[in-house]
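Down below is the structure, laid out as structure tokens.
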Amino acid sequence: MNYLTSLPAIFPKVELVEPLAPGQPIHFKVLLENTGKSTAKHLYPTLAFKFARADVPFEATYETAQFAPVNWTTTTSDLVPGGHSTLYSDPANQLNLAHQHDVDAVLKGEWNLYLYGKIPYKDILHISHEVHFCGIYRQLPGSDPLKLSYCPSYNETD
């Protein structure tokens, strides 16, 4: 078996748990799937969010971002081939859009809400890898109000 074709392949997808509402905490989840041929070991995710004007290009920053603590729904930090797991933002999370005009600005596309993160992990030979992901909330006509679109950048793995 070739080393490169036997690697884990982690694919994250970000979703909201409930629709945006003024003054209410924003809870989200990250659905993880390993479509690779081997186990991803010792996953250690970091999640963050950013609220920015739509005319400002997205840049992932962890030093200045507001962090959303991570809770695993599984008891293991490994993800087997074909395996799925879900990361949830902390239920005590106080991330919110304070006013109706903030929610409206996101719904109209004037401001962007980004939920992004990085997940370092090791392959079966204990070589380190990292996957980056970013979801942007865009309310498109007829779209599911809980689904986020992939950001134009930052969705990558090494």
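In the structure tokens, chains take the letters A, B, ... in the order shown, each chain's residues start at 1, and ligands count up from 1 in the order shown.
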| query | Which residues come within 12 Å of A:Leu125, counting only C-alpha atoms, excluding same-chain residues fewer than 2 positions away, as a list in words? | reply |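 Those residues are Tyr3, Leu4, Ser6, Leu7, Pro8, Ser38, Thr39, Ala40, Lys41, Tyr121, Lys122, Asp123, Ile127, Ser128 and His129 of chain A.
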Given the selection you just returned, output its residues as a file containing N, CA and C atoms, formatted as a compact mmCIF listing (two decimals), in the first residue's frame.
# COMPACT_ATOMS: atom_id res chain seq x y z
N TYR A 3 2.01 4.96 0.86
CA TYR A 3 1.79 5.80 2.03
C TYR A 3 0.77 6.91 1.76
N LEU A 4 0.92 7.63 0.65
CA LEU A 4 0.02 8.76 0.36
C LEU A 4 -1.42 8.33 0.16
N SER A 6 -2.80 5.84 1.59
CA SER A 6 -3.30 5.19 2.79
C SER A 6 -3.57 6.17 3.93
N LEU A 7 -3.39 7.46 3.67
CA LEU A 7 -3.58 8.47 4.71
C LEU A 7 -5.04 8.66 5.11
N PRO A 8 -5.27 9.15 6.33
CA PRO A 8 -6.62 9.59 6.69
C PRO A 8 -6.98 10.81 5.84
N SER A 38 -7.03 5.11 6.54
CA SER A 38 -6.47 4.74 7.85
C SER A 38 -7.01 5.68 8.92
N THR A 39 -6.73 5.34 10.16
CA THR A 39 -7.24 6.10 11.30
C THR A 39 -6.48 7.41 11.49
N ALA A 40 -7.23 8.47 11.75
CA ALA A 40 -6.66 9.75 12.18
C ALA A 40 -6.61 9.70 13.70
N LYS A 41 -5.43 9.86 14.25
CA LYS A 41 -5.24 9.69 15.69
C LYS A 41 -4.97 11.02 16.38
N TYR A 121 -3.75 16.34 13.76
CA TYR A 121 -3.89 14.92 14.06
C TYR A 121 -2.66 14.19 13.57
N LYS A 122 -2.54 12.92 13.92
CA LYS A 122 -1.42 12.10 13.48
C LYS A 122 -1.95 10.92 12.68
N ASP A 123 -1.15 10.49 11.70
CA ASP A 123 -1.53 9.31 10.93
C ASP A 123 -1.01 8.05 11.65
N ILE A 127 2.95 10.59 12.04
CA ILE A 127 3.35 11.82 11.35
C ILE A 127 2.22 12.83 11.50
N SER A 128 2.58 14.06 11.84
CA SER A 128 1.59 15.11 12.11
C SER A 128 1.01 15.69 10.82
N HIS A 129 -0.29 15.97 10.87
CA HIS A 129 -1.03 16.61 9.78
C HIS A 129 -1.97 17.62 10.41
| message | List the spatial neighbours of stretch 135-144 of chain A as number ranges by chain - criterion: any atom at most 8 Å away, only C-alpha atoms, same-chain residues fewer than 6 positions off excluded. | response | A: 13-15, 106-109, 112-116, 150-151
Go ahead and write the residues just picked, N, CA, C and O atoms, as a PDB file, in the first residue's frame.
ATOM      1  N   LYS A  13     -17.542  19.814   8.052  1.00  0.00           N
ATOM      2  CA  LYS A  13     -18.638  20.636   7.513  1.00  0.00           C
ATOM      3  C   LYS A  13     -19.310  21.316   8.702  1.00  0.00           C
ATOM      4  O   LYS A  13     -19.711  20.660   9.663  1.00  0.00           O
ATOM      5  N   VAL A  14     -19.437  22.652   8.628  1.00  0.00           N
ATOM      6  CA  VAL A  14     -19.987  23.440   9.736  1.00  0.00           C
ATOM      7  C   VAL A  14     -21.475  23.693   9.520  1.00  0.00           C
ATOM      8  O   VAL A  14     -21.902  24.024   8.413  1.00  0.00           O
ATOM      9  N   GLU A  15     -22.262  23.547  10.593  1.00  0.00           N
ATOM     10  CA  GLU A  15     -23.703  23.843  10.560  1.00  0.00           C
ATOM     11  C   GLU A  15     -24.106  24.547  11.849  1.00  0.00           C
ATOM     12  O   GLU A  15     -23.495  24.342  12.896  1.00  0.00           O
ATOM     13  N   VAL A 106     -26.371  40.168   8.605  1.00  0.00           N
ATOM     14  CA  VAL A 106     -25.849  38.872   8.165  1.00  0.00           C
ATOM     15  C   VAL A 106     -26.777  38.282   7.102  1.00  0.00           C
ATOM     16  O   VAL A 106     -26.320  37.810   6.055  1.00  0.00           O
ATOM     17  N   LEU A 107     -28.082  38.316   7.345  1.00  0.00           N
ATOM     18  CA  LEU A 107     -29.034  37.748   6.396  1.00  0.00           C
ATOM     19  C   LEU A 107     -28.995  38.459   5.044  1.00  0.00           C
ATOM     20  O   LEU A 107     -29.201  37.843   4.000  1.00  0.00           O
ATOM     21  N   LYS A 108     -28.723  39.770   5.053  1.00  0.00           N
ATOM     22  CA  LYS A 108     -28.650  40.548   3.807  1.00  0.00           C
ATOM     23  C   LYS A 108     -27.284  40.455   3.136  1.00  0.00           C
ATOM     24  O   LYS A 108     -27.101  40.978   2.050  1.00  0.00           O
ATOM     25  N   GLY A 109     -26.306  39.847   3.807  1.00  0.00           N
ATOM     26  CA  GLY A 109     -24.968  39.714   3.227  1.00  0.00           C
ATOM     27  C   GLY A 109     -24.076  40.929   3.426  1.00  0.00           C
ATOM     28  O   GLY A 109     -23.017  41.032   2.817  1.00  0.00           O
ATOM     29  N   ASN A 112     -20.517  39.193   7.450  1.00  0.00           N
ATOM     30  CA  ASN A 112     -20.338  37.745   7.377  1.00  0.00           C
ATOM     31  C   ASN A 112     -20.083  37.176   8.766  1.00  0.00           C
ATOM     32  O   ASN A 112     -19.356  37.772   9.568  1.00  0.00           O
ATOM     33  N   LEU A 113     -20.664  36.027   8.997  1.00  0.00           N
ATOM     34  CA  LEU A 113     -20.392  35.257  10.203  1.00  0.00           C
ATOM     35  C   LEU A 113     -19.591  34.045   9.759  1.00  0.00           C
ATOM     36  O   LEU A 113     -20.065  33.248   8.939  1.00  0.00           O
ATOM     37  N   TYR A 114     -18.355  33.941  10.258  1.00  0.00           N
ATOM     38  CA  TYR A 114     -17.470  32.828   9.927  1.00  0.00           C
ATOM     39  C   TYR A 114     -17.301  31.931  11.147  1.00  0.00           C
ATOM     40  O   TYR A 114     -17.085  32.427  12.256  1.00  0.00           O
ATOM     41  N   LEU A 115     -17.388  30.647  10.945  1.00  0.00           N
ATOM     42  CA  LEU A 115     -17.065  29.652  11.969  1.00  0.00           C
ATOM     43  C   LEU A 115     -15.972  28.797  11.348  1.00  0.00           C
ATOM     44  O   LEU A 115     -16.164  28.198  10.290  1.00  0.00           O
ATOM     45  N   TYR A 116     -14.822  28.772  11.982  1.00  0.00           N
ATOM     46  CA  TYR A 116     -13.665  28.128  11.371  1.00  0.00           C
ATOM     47  C   TYR A 116     -12.820  27.424  12.424  1.00  0.00           C
ATOM     48  O   TYR A 116     -13.048  27.565  13.627  1.00  0.00           O
ATOM     49  N   TYR A 150     -19.017  26.693   2.338  1.00  0.00           N
ATOM     50  CA  TYR A 150     -17.573  26.701   2.524  1.00  0.00           C
ATOM     51  C   TYR A 150     -17.041  28.084   2.173  1.00  0.00           C
ATOM     52  O   TYR A 150     -17.487  28.702   1.206  1.00  0.00           O
ATOM     53  N   CYS A 151     -16.099  28.580   2.951  1.00  0.00           N
ATOM     54  CA  CYS A 151     -15.435  29.833   2.642  1.00  0.00           C
ATOM     55  C   CYS A 151     -14.617  29.663   1.361  1.00  0.00           C
ATOM     56  O   CYS A 151     -14.191  28.547   1.047  1.00  0.00           O
TER      57      CYS A 151
END
Give me the residues near stretch 19-32 of chain A as an mmCIF file with C-alpha atoms, in the first residue's frame, where near means some atom within 7 Å (using only C-alpha atoms) and where sequence neighbours in that chain fewer than 4 positions away do not count.
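For reference, result_31.cif as written:
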data_model
loop_
_atom_site.group_PDB
_atom_site.id
_atom_site.type_symbol
_atom_site.label_atom_id
_atom_site.label_comp_id
_atom_site.auth_asym_id
_atom_site.auth_seq_id
_atom_site.Cartn_x
_atom_site.Cartn_y
_atom_site.Cartn_z
ATOM 1 C CA ILE A 10 -10.695 14.440 7.357
ATOM 2 C CA PHE A 11 -13.605 16.437 5.881
ATOM 3 C CA PRO A 12 -15.288 18.932 8.237
ATOM 4 C CA LYS A 13 -18.638 20.636 7.513
ATOM 5 C CA VAL A 14 -19.987 23.440 9.736
ATOM 6 C CA GLU A 15 -23.703 23.843 10.560
ATOM 7 C CA HIS A 84 -18.001 10.150 11.686
ATOM 8 C CA SER A 85 -17.900 12.427 14.700
ATOM 9 C CA THR A 86 -19.477 15.732 15.649
ATOM 10 C CA LEU A 87 -17.955 18.674 17.497
ATOM 11 C CA TYR A 88 -20.407 20.969 19.267
ATOM 12 C CA SER A 89 -19.815 24.496 20.494
ATOM 13 C CA ASN A 93 -21.225 29.791 24.695
ATOM 14 C CA GLN A 94 -22.164 33.466 24.738
ATOM 15 C CA LEU A 95 -21.403 34.159 21.049
ATOM 16 C CA ASN A 96 -24.443 36.063 19.777
ATOM 17 C CA LEU A 97 -25.641 38.774 17.458
ATOM 18 C CA ALA A 98 -26.980 41.241 20.015
ATOM 19 C CA HIS A 99 -29.638 43.048 17.980
ATOM 20 C CA GLN A 100 -32.083 42.393 15.155
ATOM 21 C CA VAL A 103 -28.982 39.470 12.358
ATOM 22 C CA PRO A 145 -31.178 28.119 7.309
ATOM 23 C CA LEU A 146 -28.786 25.945 9.347
#
| Which value, in Å to one decimal, gives the distance between atom CA of A:Ile119 and atom CA of A:Thr35? |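 Taking atom CA of A:Ile119 as the start and atom CA of A:Thr35 as the end point, the length is 15.4 Å.
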| Looking at only C-alpha atoms, which of A:Arg53, A:Tyr62, A:Asp78, A:Leu47 is the one that sits closest to A:Phe133? |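 Of A:Arg53, A:Tyr62, A:Asp78, A:Leu47, the one nearest A:Phe133 is A:Leu47, counting only C-alpha atoms.
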| Those of chain A in DSSP alpha helix (DSSP H), formatted as a VMD selection string | chain A and resid 100 to 107
| said: Using DSSP secondary structure from the backbone, list all strand (DSSP E or B) positions within chain A, as an MDAnalysis selection string. | reply: chainID A and resid 10:16 25 28:34 40:41 46:53 66:67 70:72 79 84:89 96 111:122 128:137 147 149:150 156:157
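The interatomic distance for the pair atom CA of A:Leu79 and atom CA of A:Ser153 works out to 24.7 Å.
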